[in-house]
$ cat start_28.txt   # compact mmCIF, C-alpha atoms and all ligand atoms
# COMPACT_ATOMS: atom_id res chain seq x y z
CA MET V 1 156.42 66.71 87.79
CA THR V 2 153.30 65.01 86.61
CA THR V 3 153.23 61.82 84.64
CA LYS V 4 150.39 61.39 82.27
CA LEU V 5 149.34 57.90 81.37
CA PRO V 6 148.12 57.36 77.84
CA THR V 7 144.35 57.16 77.76
CA LEU V 8 142.07 55.64 75.18
CA PRO V 9 139.20 57.72 73.81
CA SER V 10 136.80 57.84 76.73
CA LEU V 11 134.15 55.73 75.04
CA GLN V 12 136.51 52.83 74.36
CA ILE V 13 136.27 49.78 76.57
CA PRO V 14 139.67 48.15 76.23
CA PHE V 15 140.07 44.41 76.60
CA ASN V 16 142.59 44.89 79.39
CA GLN V 17 143.84 47.80 81.43
CA PRO V 18 146.86 47.21 83.68
CA PHE V 19 145.93 47.95 87.28
CA ALA V 20 148.15 50.07 89.54
CA THR V 21 147.69 50.22 93.31
CA GLY V 22 149.28 53.67 93.68
CA LYS V 23 152.13 52.40 95.85
CA GLU V 24 154.34 51.27 92.98
CA PHE V 25 156.24 54.58 92.68
CA ASP V 26 156.91 54.71 96.44
CA TYR V 27 158.41 51.25 96.46
CA ILE V 28 160.47 51.90 93.33
CA ARG V 29 161.78 55.07 94.99
CA GLN V 30 162.69 52.98 98.05
CA ALA V 31 164.48 50.46 95.85
CA ILE V 32 166.52 53.29 94.36
CA SER V 33 167.46 54.70 97.76
CA ASN V 34 168.34 51.20 98.97
CA GLY V 35 171.15 51.44 96.42
CA HIS V 36 170.59 47.89 95.17
CA LEU V 37 168.98 47.76 91.76
CA SER V 38 170.03 44.38 90.39
CA GLY V 39 168.19 41.24 91.42
CA ASN V 40 167.85 39.41 94.73
CA GLY V 41 167.62 42.46 96.99
CA ALA V 42 165.19 43.46 99.75
CA PHE V 43 162.05 43.65 97.55
CA THR V 44 162.83 40.33 95.88
CA LYS V 45 163.04 38.72 99.34
CA LYS V 46 159.75 40.31 100.43
CA CYS V 47 157.97 39.07 97.29
CA GLN V 48 159.38 35.58 97.66
CA ALA V 49 158.45 35.37 101.34
CA TRP V 50 154.90 36.47 100.44
CA LEU V 51 154.60 33.80 97.75
CA GLU V 52 155.97 31.12 100.08
CA ALA V 53 153.49 32.09 102.81
CA GLU V 54 150.43 32.59 100.59
CA ILE V 55 150.97 29.74 98.16
CA GLY V 56 152.60 27.44 100.66
CA CYS V 57 155.42 26.37 98.37
CA HIS V 58 158.72 25.30 99.88
CA LYS V 59 160.59 28.06 98.03
CA ALA V 60 159.68 30.77 95.52
CA LEU V 61 162.14 32.41 93.15
CA ILE V 62 160.82 35.43 91.26
CA THR V 63 161.78 35.63 87.59
CA HIS V 64 161.50 38.10 84.74
CA SER V 65 158.57 36.08 83.30
CA CYS V 66 156.57 32.92 83.68
CA THR V 67 158.29 31.82 80.48
CA ALA V 68 161.61 32.03 82.37
CA ALA V 69 160.16 30.05 85.29
CA LEU V 70 159.02 27.32 82.88
CA GLU V 71 162.49 27.24 81.30
CA MET V 72 164.02 26.83 84.76
CA ALA V 73 161.54 24.02 85.43
CA ALA V 74 162.62 22.23 82.24
CA LEU V 75 166.25 22.45 83.38
CA LEU V 76 165.38 21.21 86.87
CA ALA V 77 163.38 18.31 85.47
CA ASP V 78 166.54 17.49 83.51
CA ILE V 79 164.71 17.30 80.18
CA GLN V 80 166.98 15.65 77.59
CA PRO V 81 166.61 15.56 73.79
CA GLY V 82 163.82 13.15 72.87
CA ASP V 83 162.10 13.28 76.26
CA GLU V 84 158.34 13.64 76.00
CA ILE V 85 156.27 16.12 77.96
CA ILE V 86 152.49 15.75 78.15
CA MET V 87 150.56 19.03 77.94
CA PRO V 88 147.41 20.55 76.47
CA SER V 89 147.52 22.04 72.97
CA TYR V 90 145.11 24.72 74.14
CA THR V 91 147.68 26.91 75.91
CA PHE V 92 150.18 29.71 75.44
CA VAL V 93 153.36 28.94 73.46
CA SER V 94 155.69 29.18 76.47
CA THR V 95 154.22 26.00 77.99
CA ALA V 96 155.75 24.09 75.07
CA ASN V 97 158.73 26.28 74.14
CA ALA V 98 160.40 25.89 77.52
CA PHE V 99 160.74 22.15 76.90
CA VAL V 100 161.47 22.34 73.18
CA LEU V 101 164.49 24.52 74.03
CA ARG V 102 165.91 21.46 75.84
CA GLY V 103 165.14 19.14 72.92
CA GLY V 104 161.97 17.85 74.54
CA ILE V 105 158.92 16.77 72.53
CA PRO V 106 155.57 18.23 73.57
CA VAL V 107 152.86 15.57 73.41
CA PHE V 108 149.52 17.30 73.03
CA VAL V 109 146.49 15.84 74.77
CA ASP V 110 142.90 17.08 74.52
CA ILE V 111 141.15 19.20 77.15
CA ARG V 112 138.06 18.61 79.26
CA PRO V 113 134.87 20.01 77.76
CA ASP V 114 133.88 21.74 81.03
CA THR V 115 136.98 23.60 82.28
CA PHE V 116 139.14 23.40 79.10
CA ASN V 117 141.91 21.99 81.28
CA LEU V 118 144.09 19.00 80.37
CA ASP V 119 141.81 15.93 80.24
CA GLU V 120 143.28 13.72 82.94
CA SER V 121 141.46 10.67 81.58
CA GLN V 122 143.55 10.86 78.39
CA ILE V 123 146.96 11.23 80.01
CA GLU V 124 147.76 7.55 80.51
CA ALA V 125 147.21 6.75 76.83
CA ALA V 126 149.87 9.36 75.98
CA ILE V 127 152.55 7.91 78.26
CA THR V 128 155.51 6.12 76.60
CA PRO V 129 158.91 5.04 77.98
CA LYS V 130 160.15 8.49 76.86
CA THR V 131 157.63 10.43 78.95
CA LYS V 132 159.32 12.61 81.54
CA ALA V 133 156.76 15.14 82.73
CA ILE V 134 153.16 16.32 82.73
CA VAL V 135 152.39 20.03 82.47
CA PRO V 136 148.85 20.83 83.57
CA VAL V 137 147.80 24.38 82.63
CA HIS V 138 145.22 25.93 84.95
CA TYR V 139 143.13 27.65 82.30
CA ALA V 140 141.44 30.88 83.41
CA GLY V 141 142.76 30.28 86.93
CA VAL V 142 140.54 27.21 87.39
CA GLY V 143 142.39 24.20 88.76
CA CYS V 144 143.11 21.05 86.73
CA GLU V 145 142.17 17.71 88.31
CA MET V 146 145.41 17.67 90.28
CA GLU V 147 144.55 14.75 92.52
CA ARG V 148 144.30 12.35 89.58
CA ILE V 149 147.23 13.95 87.77
CA MET V 150 149.52 13.53 90.80
CA GLU V 151 148.39 9.92 91.15
CA ILE V 152 149.28 9.15 87.52
CA ALA V 153 152.62 10.95 87.93
CA GLU V 154 153.45 8.87 90.96
CA ASN V 155 152.52 5.60 89.25
CA TYR V 156 154.71 6.35 86.23
CA ASN V 157 157.41 8.27 88.07
CA LEU V 158 156.85 11.52 86.18
CA PHE V 159 157.50 15.12 87.03
CA VAL V 160 154.54 17.48 87.38
CA ILE V 161 155.13 21.11 86.47
CA GLU V 162 152.04 23.27 86.99
CA ASP V 163 151.66 26.09 84.50
CA ALA V 164 149.84 28.30 86.98
CA ALA V 165 150.52 31.45 84.92
CA GLN V 166 146.87 32.45 85.27
CA GLY V 167 146.35 30.93 88.71
CA VAL V 168 147.65 33.33 91.38
CA MET V 169 145.09 33.41 94.26
CA SER V 170 143.18 30.33 93.01
CA THR V 171 142.82 27.03 94.85
CA TYR V 172 142.04 23.38 94.06
CA ASN V 173 140.63 21.42 97.03
CA SER V 174 141.73 24.39 99.18
CA ARG V 175 145.33 24.13 97.95
CA PRO V 176 146.77 27.14 96.11
CA LEU V 177 147.55 26.47 92.44
CA GLY V 178 151.26 26.06 91.89
CA SER V 179 151.77 24.34 95.25
CA ILE V 180 150.62 20.86 94.23
CA GLY V 181 153.03 19.66 91.51
CA HIS V 182 156.78 19.21 92.01
CA LEU V 183 157.25 22.64 90.48
CA GLY V 184 154.92 25.49 89.58
CA ALA V 185 155.23 28.60 87.45
CA VAL V 186 153.20 31.80 87.81
CA SER V 187 153.06 34.97 85.71
CA PHE V 188 152.95 38.65 86.61
CA HIS V 189 152.65 39.80 83.00
CA GLU V 190 150.47 42.89 82.65
CA THR V 191 147.63 40.79 81.22
CA LYS V 192 147.42 38.68 84.39
CA ASN V 193 145.75 39.57 87.72
CA VAL V 194 148.74 40.59 89.85
CA ILE V 195 151.34 42.27 87.67
CA SER V 196 154.80 43.76 87.34
CA GLY V 197 154.84 44.53 83.62
CA GLU V 198 156.82 41.43 82.79
CA GLY V 199 157.34 39.02 85.66
CA GLY V 200 156.83 35.57 87.07
CA ALA V 201 157.97 33.11 89.71
CA LEU V 202 159.15 29.55 89.96
CA LEU V 203 157.56 27.70 92.87
CA ILE V 204 159.57 24.79 94.23
CA ASN V 205 157.59 22.22 96.18
CA GLN V 206 160.21 19.51 96.24
CA PRO V 207 162.88 20.64 98.72
CA ASP V 208 165.76 18.73 97.11
CA LEU V 209 165.41 20.82 93.94
CA MET V 210 165.92 24.08 95.76
CA GLU V 211 169.69 24.32 95.74
CA ARG V 212 169.95 23.66 92.01
CA ALA V 213 167.06 26.03 91.29
CA GLU V 214 168.89 28.87 93.00
CA ILE V 215 172.05 28.13 91.02
CA ILE V 216 170.20 28.05 87.67
CA TRP V 217 168.50 31.33 88.66
CA GLU V 218 171.85 32.99 89.40
CA LYS V 219 173.45 32.24 86.00
CA GLY V 220 174.82 28.85 87.00
CA THR V 221 176.81 30.20 89.94
CA ASN V 222 176.62 29.53 93.68
CA ARG V 223 176.34 33.27 94.33
CA SER V 224 173.35 32.96 96.68
CA GLN V 225 175.21 30.53 98.94
CA PHE V 226 178.19 32.89 98.90
CA PHE V 227 176.07 35.84 100.07
CA ARG V 228 174.61 33.71 102.85
CA GLY V 229 178.18 33.01 103.98
CA GLN V 230 177.85 29.28 103.30
CA ILE V 231 180.93 29.21 101.02
CA ASP V 232 183.97 31.47 100.81
CA LYS V 233 184.08 32.15 97.05
CA TYR V 234 181.54 31.99 94.31
CA THR V 235 182.02 30.30 90.98
CA TRP V 236 180.41 28.66 87.95
CA VAL V 237 179.00 25.33 89.09
CA ASP V 238 176.17 24.38 86.67
CA VAL V 239 174.22 25.54 83.63
CA GLY V 240 172.01 28.55 84.22
CA SER V 241 170.98 31.92 82.97
CA SER V 242 169.94 35.33 84.23
CA TYR V 243 166.42 34.61 85.34
CA LEU V 244 166.17 37.26 88.10
CA PRO V 245 164.14 40.44 87.74
CA SER V 246 165.68 43.72 88.89
CA GLU V 247 164.72 45.28 92.22
CA ILE V 248 162.75 47.92 90.28
CA ASN V 249 160.43 45.19 89.03
CA ALA V 250 160.34 43.48 92.41
CA ALA V 251 159.37 46.80 94.05
CA PHE V 252 156.49 47.20 91.60
CA LEU V 253 155.45 43.60 92.25
CA TRP V 254 155.52 44.11 96.01
CA ALA V 255 152.87 46.85 95.74
CA GLN V 256 150.70 44.42 93.77
CA LEU V 257 151.17 41.42 96.07
CA GLU V 258 150.12 43.57 99.02
CA ALA V 259 146.90 44.29 97.10
CA ALA V 260 146.41 40.77 95.73
CA GLU V 261 143.33 40.12 97.82
CA THR V 262 141.67 43.41 96.95
CA ILE V 263 142.41 42.84 93.25
CA THR V 264 140.93 39.34 93.39
CA ARG V 265 137.82 40.48 95.26
CA LYS V 266 137.20 43.26 92.74
CA ARG V 267 137.65 40.92 89.76
CA LEU V 268 135.39 38.28 91.29
CA ALA V 269 132.61 40.86 91.70
CA LEU V 270 132.87 41.79 88.01
CA TRP V 271 133.03 38.12 87.02
CA LYS V 272 129.84 37.42 88.98
CA GLN V 273 128.09 40.34 87.34
CA TYR V 274 128.91 38.90 83.90
CA HIS V 275 127.89 35.44 85.02
CA GLN V 276 124.55 36.45 86.49
CA GLY V 277 123.73 38.54 83.44
CA LEU V 278 124.83 36.05 80.79
CA ILE V 279 123.49 32.87 82.36
CA GLU V 280 120.08 33.90 80.95
CA LEU V 281 121.46 33.64 77.41
CA GLU V 282 122.93 30.27 78.34
CA LYS V 283 119.51 29.06 79.50
CA GLN V 284 118.14 30.08 76.13
CA GLY V 285 120.81 27.89 74.52
CA LYS V 286 122.47 30.84 72.79
CA ILE V 287 125.90 30.71 74.45
CA ARG V 288 127.81 28.68 76.99
CA CYS V 289 129.24 30.30 80.12
CA PRO V 290 132.25 29.18 82.21
CA ILE V 291 131.85 26.10 84.44
CA ILE V 292 133.64 26.21 87.79
CA PRO V 293 133.83 22.86 89.63
CA GLN V 294 132.73 22.94 93.30
CA HIS V 295 136.21 22.15 94.61
CA CYS V 296 137.89 24.95 92.61
CA HIS V 297 138.04 28.52 93.86
CA HIS V 298 139.10 30.73 91.00
CA ASN V 299 140.61 34.20 90.78
CA ALA V 300 138.37 35.64 88.04
CA HIS V 301 141.29 35.79 85.66
CA MET V 302 138.96 35.87 82.69
CA TYR V 303 135.37 35.91 81.63
CA TYR V 304 134.66 34.13 78.37
CA ILE V 305 131.64 32.91 76.46
CA ILE V 306 131.34 30.09 73.93
CA LEU V 307 129.48 31.07 70.74
CA PRO V 308 127.63 28.60 68.50
CA ASP V 309 130.29 28.71 65.77
CA LEU V 310 133.30 30.53 64.34
CA GLU V 311 131.15 32.72 62.12
CA SER V 312 129.01 34.07 64.96
CA ARG V 313 132.16 34.74 66.99
CA THR V 314 133.73 36.70 64.12
CA THR V 315 130.57 38.74 63.62
CA LEU V 316 130.13 39.40 67.33
CA ILE V 317 133.73 40.64 67.67
CA LYS V 318 133.01 43.14 64.87
CA LYS V 319 129.70 44.17 66.39
CA LEU V 320 131.35 44.74 69.79
CA LYS V 321 134.15 46.67 68.10
CA THR V 322 131.70 49.06 66.40
CA ASN V 323 130.36 49.71 69.92
CA ASN V 324 133.93 50.47 71.10
CA ILE V 325 134.15 47.21 73.02
CA ASN V 326 137.36 45.25 72.57
CA SER V 327 137.04 41.49 72.90
CA VAL V 328 139.65 38.89 71.97
CA PHE V 329 139.97 35.18 71.34
CA HIS V 330 142.85 32.71 71.85
CA TYR V 331 144.63 30.30 71.39
CA VAL V 332 145.61 28.95 68.00
CA PRO V 333 146.00 25.38 69.30
CA LEU V 334 149.70 24.55 69.48
CA HIS V 335 149.31 21.28 67.54
CA SER V 336 148.03 23.21 64.54
CA SER V 337 150.71 25.93 64.67
CA PRO V 338 153.81 25.67 62.42
CA ALA V 339 156.20 25.21 65.38
CA GLY V 340 153.84 22.82 67.16
CA GLN V 341 153.79 20.59 64.09
CA LYS V 342 157.54 20.72 63.77
CA TYR V 343 158.42 20.06 67.41
CA GLY V 344 155.45 18.26 68.93
CA ARG V 345 153.10 15.39 68.37
CA VAL V 346 149.47 14.66 69.16
CA SER V 347 148.10 11.88 71.33
CA GLY V 348 144.52 10.81 70.66
CA ASN V 349 142.27 13.28 68.93
CA LEU V 350 141.97 16.90 69.89
CA THR V 351 138.28 17.36 69.12
CA VAL V 352 137.45 19.55 72.11
CA THR V 353 140.53 21.72 71.54
CA ASP V 354 139.77 22.29 67.85
CA ASP V 355 136.11 22.95 68.45
CA LEU V 356 136.46 25.22 71.42
CA SER V 357 139.33 27.35 70.10
CA SER V 358 137.13 28.49 67.22
CA ARG V 359 134.19 29.50 69.43
CA LEU V 360 135.62 30.99 72.63
CA LEU V 361 135.47 34.76 73.14
CA ARG V 362 137.09 36.64 76.03
CA LEU V 363 135.34 39.74 77.33
CA PRO V 364 136.97 42.82 78.91
CA MET V 365 138.10 42.11 82.48
CA TYR V 366 140.17 44.40 84.71
CA PRO V 367 139.66 45.95 88.15
CA SER V 368 138.75 49.42 86.85
CA LEU V 369 136.04 48.05 84.56
CA MET V 370 132.76 49.62 85.62
CA SER V 371 129.51 47.90 86.31
CA GLU V 372 127.75 50.12 83.70
CA GLN V 373 130.29 49.05 81.11
CA ILE V 374 129.58 45.40 81.82
CA GLU V 375 125.87 46.13 81.35
CA LEU V 376 126.64 47.76 78.01
CA ILE V 377 128.77 44.78 76.92
CA MET V 378 126.06 42.31 77.92
CA ASN V 379 123.33 44.30 76.18
CA THR V 380 125.36 44.42 72.99
CA ILE V 381 125.88 40.65 73.12
CA SER V 382 122.23 40.04 73.90
CA GLN V 383 121.05 42.25 71.02
CA PHE V 384 123.42 40.54 68.64
CA LEU V 385 122.27 37.07 69.63
CA SER V 386 118.58 37.88 69.34
CA SER V 387 119.18 39.16 65.80
CA GLN V 388 120.86 35.85 64.87
C1 LIG U 401 150.75 34.23 80.32
C2 LIG U 401 151.04 32.80 80.21
C3 LIG U 401 152.35 32.31 80.12
C4 LIG U 401 153.55 33.20 79.95
O1 LIG U 401 153.70 34.16 80.93
P1 LIG U 401 154.82 35.28 80.78
O2 LIG U 401 154.94 35.84 82.17
O3 LIG U 401 154.29 36.29 79.81
O4 LIG U 401 156.06 34.65 80.30
C5 LIG U 401 152.54 30.94 80.13
N1 LIG U 401 151.50 30.09 80.20
C6 LIG U 401 150.23 30.52 80.26
C7 LIG U 401 149.13 29.52 80.36
C8 LIG U 401 149.95 31.89 80.25
O5 LIG U 401 148.69 32.30 80.31

$ encode --input "start_28.txt" --output "C-alpha cells" --more "lines below"
Ligand SMILES: *Cc1c(COP(=O)(O)O)cnc(C)c1O
Amino acid sequence: MTTKLPTLPSLQIPFNQPFATGKEFDYIRQAISNGHLSGNGAFTKKCQAWLEAEIGCHKALITHSCTAALEMAALLADIQPGDEIIMPSYTFVSTANAFVLRGGIPVFVDIRPDTFNLDESQIEAAITPKTKAIVPVHYAGVGCEMERIMEIAENYNLFVIEDAAQGVMSTYNSRPLGSIGHLGAVSFHETKNVISGEGGALLINQPDLMERAEIIWEKGTNRSQFFRGQIDKYTWVDVGSSYLPSEINAAFLWAQLEAAETITRKRLALWKQYHQGLIELEKQGKIRCPIIPQHCHHNAHMYYIILPDLESRTTLIKKLKTNNINSVFHYVPLHSSPAGQKYGRVSGNLTVTDDLSSRLLRLPMYPSLMSEQIELIMNTISQFLSSQ
C-alpha cells in the first residue's frame, strides 16, 4: 500500500509545510501493537521524560493542544471571576481565552518595539489588587525579559504562566523557555517547529502544583495515582477535563522530539539565509528585520519583515502571491477584536501593537524549504521594494 500525500502545484511555495521525520508510522505501528491507544501510555511517558530532561521542568504533561495546556494553567492558578491577567494583545486568542473561560479579565499591555514581546516596563502600571497572573508570550520563539518579569511577579505575589507555544528549543539566559515561570505551555500544532498535528504540553516548574495538575489532566480523577499503586481505588476528586492526547499522537510526537535538534538546526540555517540576504534592504531603510537580543537563543520559528506601512504590505502579499509565494500576516490585536473588547481591558496605550500588527509580514519557513526558493522570495521582495 502506498500513501500519497497531497502536493501543491510544483511551482507553489507554501507558507508552511508540516515536516515528517519518516519514523512517525513506525512509532504509530508500535503504539497499536502495544495495545494501549488511549492516553498516558508508553509513548506519552517517553515524550514527557524528554521534555523534562530537555526543558528542565519539574514535570511535563502532554496535552492535545497548547490551548489545553493554557486552560489547565488557568485552573491551577485558581483564576476566579474578576481576576485580572496581564498579557500582550499581540498574541494568539488562546492566550486570553484560557483565562476568560474561568471568568478572568485579560489586561492587555503593549509590546517591546524590538522583540514584540510583552513590555516588562509597562507591567507594574497594569497591576491592581485584582491581578493574579502575568502571561508572557515568547513571540517567534524569542524569550521575553523573564528576569524582570519574575522579579515583578515575586514582588506582587503573582503567578507567571509562560506561553511558550512557539518556544520549543529556545533559551533565555541559557534557560529553556517554559522552564522559568511557575507554569509553561508549549504547542506541537502543525504550524510550530516540532509537531504532532494538534498537540501541546503543560510544563510544571513549581513542584507543589504537580499533583493537582495530574488530576486536572485525568478528568478530575486520581487515576494516575491509582495506576502507580499509591491508592487502592480511583475516584472523582477535583474539577478537570480530558486533556490527554492519545498514544497515536504521542507516538507521532516521539518521532519529532527525537529529531528536534535536527529540525532546529535546519530552520536556523534557513533563517540565517533570509537574515543575511534581507539585512541589505534593512540597511537601505526599506524594511526592518527581526532583532534577537544577545542573551536569547531562538529556534527560528519564524522569519518576518516589517514593511513601511499597511498598504505596502498588502501590495507585497499580492505580488508574492502572483509569483506563487504564500506569505501571511498576524495577529489582529486581541484588544481590537470583538471578544477582546467584550472580555478584556487595555492598560496604557498599545501604540507598538497597533502599528506593528499592520506592517508585519511572515515569510515561508519550514525544514523542506530550499535555499533557491529563499533566493526567489528575497529577489521578489527586493524587486518590489525598488519599484516603490
Ligand atoms: C500556536 C499558539 C497557541 C495555541 O497552540 P495550539 O497548540 O494550537 O492550541 C497559543 N499561543 C501562541 C502564542 C501560539 O503561537

$ residues_near_ligand --input "start_28.txt" --ligand "ligand LIG 401 (chain U)" --cutoff "6 Å" --atoms "all atoms listed in the file" --output "number ranges by chain"
V: 65-67, 91-92, 94-95, 137, 163, 165-166, 187-189, 198-200

$ write_last_selection --input "start_28.txt" --atoms "C-alpha atoms" --output "tab-separated table (two decimals), in the frame of the given file"
chain	number	residue	atom	x	y	z
V	65	SER	CA	158.57	36.08	83.30
V	66	CYS	CA	156.57	32.92	83.68
V	67	THR	CA	158.29	31.82	80.48
V	91	THR	CA	147.68	26.91	75.91
V	92	PHE	CA	150.18	29.71	75.44
V	94	SER	CA	155.69	29.18	76.47
V	95	THR	CA	154.22	26.00	77.99
V	137	VAL	CA	147.80	24.38	82.63
V	163	ASP	CA	151.66	26.09	84.50
V	165	ALA	CA	150.52	31.45	84.92
V	166	GLN	CA	146.87	32.45	85.27
V	187	SER	CA	153.06	34.97	85.71
V	188	PHE	CA	152.95	38.65	86.61
V	189	HIS	CA	152.65	39.80	83.00
V	198	GLU	CA	156.82	41.43	82.79
V	199	GLY	CA	157.34	39.02	85.66
V	200	GLY	CA	156.83	35.57	87.07

$ closest_residue --input "start_28.txt" --among "V:Glu247, V:Ile28, V:Ile381, V:Lys59" --to "Glu211 of chain V" --atoms "only C-alpha atoms"
V:Lys59

$ closest_atom_pairs --input "start_28.txt" --of "segment 322-361 of chain V" --to "segment 113-135 of chain V" --cutoff "8 Å" --atoms "only C-alpha atoms" --output "Markdown table"
| residue | atom | partner | partner_atom | distance |
| --- | --- | --- | --- | --- |
| V:Ser347 | CA | V:Ala126 | CA | 5.6 |
| V:Gly348 | CA | V:Ala126 | CA | 7.7 |
| V:Val352 | CA | V:Pro113 | CA | 6.2 |
| V:Thr353 | CA | V:Phe116 | CA | 7.9 |

$ residues_near_point --input "start_28.txt" --point "(160.8, 21.8, 96.0)" --cutoff "10 Å" --atoms "only C-alpha atoms" --output "PyMOL selection string"
chain V and resi 57-60+179+181-184+202-211+213

$ residues_near_point --input "start_28.txt" --point "(174.4, 38.5, 96.3)" --cutoff "9 Å" --atoms "only C-alpha atoms" --output "NGL selection string"
:V and (39-41 or 223-228)

$ axis_aligned_box --input "start_28.txt" --around "segment 265-268 of chain V" --padding-each-side "3 Å" --output "JSON"
{"center_x": 136.6, "center_y": 40.8, "center_z": 92.5, "size_x": 8.4, "size_y": 11.0, "size_z": 11.5}

$ closest_residue --input "start_28.txt" --among "V:Ser337, V:Thr191, V:Ser174, V:Gln388" --to "Cys296 of chain V" --atoms "all atoms listed in the file"
V:Ser174

$ atom_distance --input "start_28.txt" --atom1 "atom CA of Leu11 of chain V" --atom2 "atom CA of Asn324 of chain V"
6.6 Å

$ closest_residue --input "start_28.txt" --among "V:Ile152, V:Ala42, V:Ala53, V:Leu75" --to "Glu214 of chain V" --atoms "all atoms listed in the file"
V:Leu75

$ residues_around --input "start_28.txt" --residues "segment 267-276 of chain V" --least-positions-apart "5" --cutoff "9 Å" --atoms "only C-alpha atoms" --output "PyMOL selection string"
chain V and resi 193+262+289-290+298-303+365-367+369-371+374-375+378

$ closest_residue --input "start_28.txt" --among "V:Pro308, V:Gly167, V:Gly82, V:Pro18" --to "Lys286 of chain V" --atoms "all atoms listed in the file"
V:Pro308

$ atom_distance --input "start_28.txt" --atom1 "atom CA of Asn16 of chain V" --atom2 "atom CA of Ser387 of chain V"
27.7 Å

$ closest_residue --input "start_28.txt" --among "V:Leu363, V:Ala250, V:Pro176, V:Tyr304" --to "Phe43 of chain V" --atoms "all atoms listed in the file"
V:Ala250

$ closest_residue --input "start_28.txt" --among "V:Ile287, V:Leu76, V:Leu253, V:Leu385" --to "Thr315 of chain V" --atoms "all atoms listed in the file"
V:Leu385

$ atom_distance --input "start_28.txt" --atom1 "atom CA of Gln230 of chain V" --atom2 "atom CA of Trp217 of chain V"
17.5 Å

$ residues_around --input "start_28.txt" --residues "Glu261 of chain V" --least-positions-apart "2" --cutoff "12 Å" --atoms "only C-alpha atoms" --output "MDAnalysis selection string"
chainID V and resid 21 54 168:170 193:194 255:259 263:268 299:300 367
